[in-house]
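Asks: Structure supplied as coords.txt; contents: compact mmCIF, C-alpha atoms.
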# COMPACT_ATOMS: atom_id res chain seq x y z
CA MET A 15 -49.88 -6.41 50.48
CA LYS A 16 -48.34 -3.05 51.39
CA VAL A 17 -46.01 -1.78 48.68
CA THR A 18 -43.70 1.23 48.54
CA VAL A 19 -44.11 3.33 45.39
CA ARG A 20 -41.29 5.72 44.59
CA LEU A 21 -42.13 8.93 42.75
CA PHE A 22 -39.83 10.94 40.52
CA GLY A 23 -39.76 14.20 38.58
CA PHE A 24 -42.98 16.18 38.54
CA LEU A 25 -44.85 13.35 40.26
CA ALA A 26 -42.69 13.68 43.38
CA GLU A 27 -43.01 17.46 43.23
CA GLU A 28 -46.79 17.33 42.95
CA ALA A 29 -47.16 14.70 45.65
CA GLY A 30 -44.87 16.74 47.90
CA ARG A 31 -43.03 13.55 48.84
CA PRO A 32 -40.69 10.99 47.24
CA GLU A 33 -42.78 7.91 47.97
CA LEU A 34 -46.18 6.57 48.93
CA THR A 35 -47.31 3.31 50.47
CA VAL A 36 -50.21 1.56 48.77
CA GLU A 37 -52.03 -1.76 48.88
CA ALA A 38 -51.37 -3.76 45.66
CA GLY A 39 -50.69 -7.24 44.26
CA THR A 40 -49.44 -6.22 40.82
CA ALA A 41 -47.50 -3.30 39.36
CA GLY A 42 -50.66 -2.06 37.65
CA GLU A 43 -52.64 -2.16 40.89
CA ALA A 44 -49.94 -0.06 42.54
CA LEU A 45 -50.28 2.52 39.75
CA GLU A 46 -54.08 2.55 40.10
CA ALA A 47 -53.78 3.04 43.85
CA VAL A 48 -51.50 6.04 43.32
CA LYS A 49 -53.95 7.51 40.77
CA VAL A 50 -56.59 7.72 43.50
CA ARG A 51 -54.33 10.15 45.37
CA LEU A 52 -52.51 11.92 42.55
CA PRO A 53 -53.12 12.69 38.85
CA VAL A 54 -50.82 10.39 36.85
CA PRO A 55 -50.62 10.96 33.05
CA LYS A 56 -50.80 7.95 30.71
CA SER A 57 -47.21 8.54 29.61
CA VAL A 58 -45.88 7.48 33.04
CA ARG A 59 -44.18 4.06 32.98
CA ILE A 60 -43.85 1.53 35.78
CA ALA A 61 -40.65 -0.05 37.07
CA VAL A 62 -40.33 -2.84 39.60
CA ASN A 63 -36.99 -2.99 41.40
CA GLU A 64 -35.19 -0.82 38.85
CA GLU A 65 -36.52 -2.60 35.72
CA TYR A 66 -39.34 -1.42 33.48
CA ALA A 67 -42.29 -3.74 34.09
CA ALA A 68 -45.69 -4.52 32.57
CA SER A 69 -48.86 -3.73 34.54
CA LYS A 70 -49.60 -7.40 35.12
CA THR A 71 -46.24 -8.05 36.82
CA PRO A 72 -46.98 -9.70 40.18
CA LEU A 73 -45.38 -8.11 43.23
CA ARG A 74 -43.55 -9.99 45.94
CA ARG A 75 -42.93 -8.88 49.48
CA GLY A 76 -40.20 -6.24 49.54
CA ASP A 77 -40.59 -5.25 45.88
CA VAL A 78 -40.40 -1.52 45.24
CA VAL A 79 -42.51 -0.01 42.48
CA SER A 80 -41.33 3.20 40.81
CA LEU A 81 -43.38 5.52 38.63
CA ILE A 82 -41.22 6.85 35.81
CA PRO A 83 -42.44 10.08 34.12
CA PRO A 84 -41.35 10.60 30.49
CA VAL A 85 -37.56 10.76 30.58
CA ALA A 86 -35.58 13.80 29.45
CA GLY A 87 -31.91 12.99 29.83
CA GLY A 88 -29.18 14.37 27.61
CA MET B 16 -7.75 -5.64 34.21
CA PRO B 17 -10.10 -2.62 34.00
CA SER B 18 -13.67 -3.16 32.86
CA ASN B 19 -14.51 -2.16 29.30
CA VAL B 20 -17.74 -0.49 30.42
CA THR B 21 -17.72 2.57 32.70
CA VAL B 22 -21.01 4.05 33.88
CA LEU B 23 -21.52 7.10 36.10
CA VAL B 24 -24.33 9.32 37.27
CA ASN B 25 -23.55 12.01 39.82
CA ARG B 26 -23.13 15.74 40.42
CA GLN B 27 -19.52 15.94 39.32
CA ALA B 28 -18.34 17.76 36.23
CA LEU B 29 -17.88 15.46 33.24
CA SER B 30 -14.39 14.69 32.00
CA PRO B 31 -13.83 13.94 28.30
CA VAL B 32 -10.23 13.10 29.21
CA ALA B 33 -11.41 10.39 31.62
CA ALA B 34 -13.74 9.05 28.91
CA LEU B 35 -10.91 8.89 26.36
CA ARG B 36 -8.63 7.20 28.85
CA ALA B 37 -11.33 4.61 29.63
CA VAL B 38 -12.13 3.61 26.05
CA THR B 39 -8.84 3.96 24.17
CA ARG B 40 -7.27 0.54 23.55
CA PRO B 41 -4.72 -1.02 21.23
CA ASP B 42 -7.23 -3.13 19.30
CA CYS B 43 -9.41 -0.10 18.48
CA GLY B 44 -8.51 2.45 15.83
CA GLY B 45 -11.63 4.57 16.28
CA VAL B 46 -12.87 6.46 19.32
CA CYS B 47 -16.02 8.56 19.17
CA VAL B 48 -17.06 10.92 21.97
CA PHE B 49 -20.35 12.78 22.29
CA LEU B 50 -20.92 15.60 24.74
CA GLY B 51 -24.36 17.12 25.34
CA THR B 52 -24.36 20.66 26.74
CA VAL B 53 -26.94 23.05 28.16
CA ARG B 54 -28.40 25.19 25.35
CA ASP B 55 -29.85 28.67 25.78
CA ARG B 56 -33.12 28.08 23.93
CA ASN B 57 -35.68 25.29 23.89
CA GLU B 58 -39.08 25.22 22.23
CA GLY B 59 -39.12 28.99 21.84
CA ARG B 60 -38.12 29.78 25.42
CA ARG B 61 -34.92 31.33 26.67
CA VAL B 62 -33.29 28.88 29.06
CA ARG B 63 -31.19 30.15 31.99
CA LYS B 64 -30.20 26.88 33.62
CA ILE B 65 -31.34 23.26 33.88
CA ARG B 66 -31.71 21.04 36.91
CA TYR B 67 -31.28 17.32 36.29
CA SER B 68 -32.55 14.61 38.59
CA ALA B 69 -32.26 10.86 38.19
CA PHE B 70 -33.28 7.49 39.57
CA GLU B 71 -29.61 6.72 39.87
CA ALA B 72 -29.59 2.95 40.44
CA MET B 73 -31.89 2.41 37.48
CA VAL B 74 -29.93 4.84 35.30
CA LEU B 75 -26.79 2.76 35.85
CA ARG B 76 -28.70 -0.40 35.02
CA THR B 77 -29.99 1.12 31.76
CA PHE B 78 -26.48 2.40 30.90
CA ARG B 79 -25.07 -1.14 31.23
CA ALA B 80 -27.90 -2.55 29.11
CA ILE B 81 -27.33 0.11 26.43
CA ALA B 82 -23.59 -0.63 26.42
CA ARG B 83 -24.37 -4.33 25.84
CA GLU B 84 -26.65 -3.38 22.93
CA ALA B 85 -23.87 -1.27 21.38
CA ARG B 86 -21.45 -4.18 21.67
CA MET B 87 -23.91 -6.65 20.10
CA LYS B 88 -25.16 -4.37 17.31
CA PHE B 89 -22.02 -2.47 16.37
CA GLY B 90 -19.11 -4.40 17.79
CA VAL B 91 -17.87 -1.60 20.02
CA ARG B 92 -15.22 -2.84 22.43
CA ALA B 93 -15.30 -0.23 25.19
CA VAL B 94 -17.96 2.19 26.38
CA TYR B 95 -18.04 5.18 28.74
CA MET B 96 -21.35 6.71 29.79
CA ALA B 97 -21.79 9.51 32.31
CA HIS B 98 -24.65 11.86 33.17
CA ARG B 99 -24.70 14.74 35.60
CA THR B 100 -27.36 15.61 38.14
CA GLY B 101 -28.01 18.90 39.90
CA MET B 102 -28.18 22.45 38.58
CA LEU B 103 -26.23 23.15 35.39
CA ARG B 104 -25.53 26.50 33.75
CA LEU B 105 -25.46 27.27 30.02
CA LYS B 106 -22.65 25.48 28.14
CA GLU B 107 -22.02 22.97 30.93
CA ALA B 108 -21.95 19.34 29.83
CA SER B 109 -24.86 17.23 31.07
CA VAL B 110 -24.05 13.98 29.28
CA LEU B 111 -20.89 12.34 27.98
CA VAL B 112 -20.75 9.07 26.07
CA ALA B 113 -17.82 7.47 24.27
CA ALA B 114 -17.32 4.27 22.30
CA SER B 115 -14.28 2.64 20.77
CA ALA B 116 -14.20 0.11 17.95
CA PRO B 117 -11.63 -1.28 15.52
CA HIS B 118 -12.82 1.14 12.78
CA ARG B 119 -14.52 4.54 12.70
CA ALA B 120 -17.87 3.45 11.23
CA GLU B 121 -18.64 1.20 14.20
CA ALA B 122 -17.31 3.79 16.66
CA PHE B 123 -19.62 6.50 15.24
CA ALA B 124 -22.63 4.16 15.05
CA GLY B 125 -22.01 2.78 18.52
CA CYS B 126 -21.62 6.23 20.05
CA ARG B 127 -24.80 7.42 18.35
CA HIS B 128 -26.61 4.39 19.71
CA LEU B 129 -25.47 5.21 23.25
CA ILE B 130 -26.83 8.74 23.30
CA GLU B 131 -30.06 7.95 21.45
CA ARG B 132 -30.94 5.14 23.85
CA VAL B 133 -30.06 7.19 26.94
CA LYS B 134 -32.55 9.80 25.77
CA LYS B 135 -35.21 7.12 25.30
CA ILE B 136 -34.93 4.88 28.35
CA SER B 137 -32.70 6.23 31.11
CA PRO B 138 -34.77 7.63 34.00
CA ILE B 139 -33.40 11.16 34.07
CA TRP B 140 -35.51 14.31 34.22
CA LYS B 141 -34.87 17.96 33.65
CA GLU B 142 -36.39 21.18 34.86
CA GLU B 143 -35.73 24.17 32.66
CA PHE B 144 -35.46 27.52 34.40
CA HIS B 145 -36.56 30.61 32.47
CA ASP B 146 -36.56 34.31 33.32
CA ARG B 147 -39.87 33.72 35.05
CA GLY B 148 -40.60 30.31 36.40
CA LYS B 149 -39.58 26.84 35.32
CA ARG B 150 -41.04 23.76 33.67
CA TRP B 151 -40.47 20.02 33.52
CA VAL B 152 -39.29 19.02 30.05
CA ASN B 153 -41.29 16.19 28.34
CA ARG B 154 -43.92 16.38 31.00
CA GLY B 155 -46.23 14.31 28.80
Now, as a test, write the supplied structure out as structure tokens.

Replies:
Amino acid sequence: MKVTVRLFGFLAEEAGRPELTVEAGTAGEALEAVKVRLPVPKSVRIAVNEEYAASKTPLRRGDVVSLIPPVAGG
Amino acid sequence: MPSNVTVLVNRQALSPVAALRAVTRPDCGGVCVFLGTVRDRNEGRRVRKIRYSAFEAMVLRTFRAIAREARMKFGVRAVYMAHRTGMLRLKEASVLVAASAPHRAEAFAGCRHLIERVKKISPIWKEEFHDRGKRWVNRG
């Protein structure tokens, strides 16, 4: 299934774009598919539809995966 | 009746007065406000300015979740949480959180909880600008 992956922080800067489209059935597969195209450090977390999610989280049509680099608010 | 939780993330300057107005209530005798500002040094480097970016929809979701935690753990009755995005100069406020509770101990503890959790879970990033170049903070 085609899934949109949103990129933030240095990931978006290094990719030169705010999102990618990948083929994936779980959140973890989406991450792995991005890693083929872009170096992604281990510290990056996954979110599905604005909630942090585990790698095994299954994706449904229309879900948006986001890759969340280590946060630095405040 | 106004909500007892106010959450904001945008480019506008932060207003401690708005925060106080939002959380001050007759059943609370303690209000605690925390303001985080842009500092001129970090990890041995001189900082000139900081650019904040955020996954705004998710930031607001995390702010609401953090406010619920503060209510459950510390009994705070009203919460205000705001974070700026965009380029900020030295001394400008990047984050503002406030909590009110019947007594000061819960107000302090609740306010502390708000800022500590924002720094742990809210998807906000910063780029520090130095005399030469810039870097992503917490790049990991």

Asks: Near stretch 25-35 of chain A, within 10 Å and counting all atoms listed in the file, which residues show up once chain neighbours fewer than 4 positions away are dropped, as a ChimeraX atom specification?

Replies: /A:16-21,44,47-48,51-55,58,78-83 /B:154

Asks: Of the residues B:Arg26, B:Arg60, B:Arg119, B:Arg66, which is the one nearest to chain A, using all atoms listed in the file?

Replies: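 The closest residue to chain A is B:Arg66.
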
Asks: What does the distance from atom CA of B:Phe78 to atom CA of B:Leu23 come to in Å, to one decimal?

Replies: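 Separation between atom CA of B:Phe78 and atom CA of B:Leu23: 8.6 Å.
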
Asks: Counting all atoms listed in the file, collect the residues of chain B whose closest atom lies at most 12 Å from chain A, and write them out as a PyMOL selection string.

Replies: chain B and resi 24+49-54+65-78+80+96-100+107-112+129-143+149-155

Asks: Rank B:His145, B:Val20, B:Gly101, B:Lys106 by their smallest atom-to-atom distance to B:Gly59, using all atoms listed in the file, and report the top residue only.

Replies: B:His145

Asks: Need to verify the contact set: A:Thr71, 9 Å, all atoms listed in the file, exclusion of same-chain residues closer than 6 positions in sequence. Can you return it as a PyMOL selection string?

Replies: chain A and resi 39-42+62

Asks: So what do you get for atom CA of B:Ala28 versus atom CA of B:Gly44, distance-wise?

Replies: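 Straight-line distance from atom CA of B:Ala28 to atom CA of B:Gly44 works out to 27.3 Å.
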
Asks: So how far away is atom CA of B:Leu29 from atom CA of B:Arg86, in Å?

Replies: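 About the pair atom CA of B:Arg86 and atom CA of B:Leu29: they are 23.1 Å apart.
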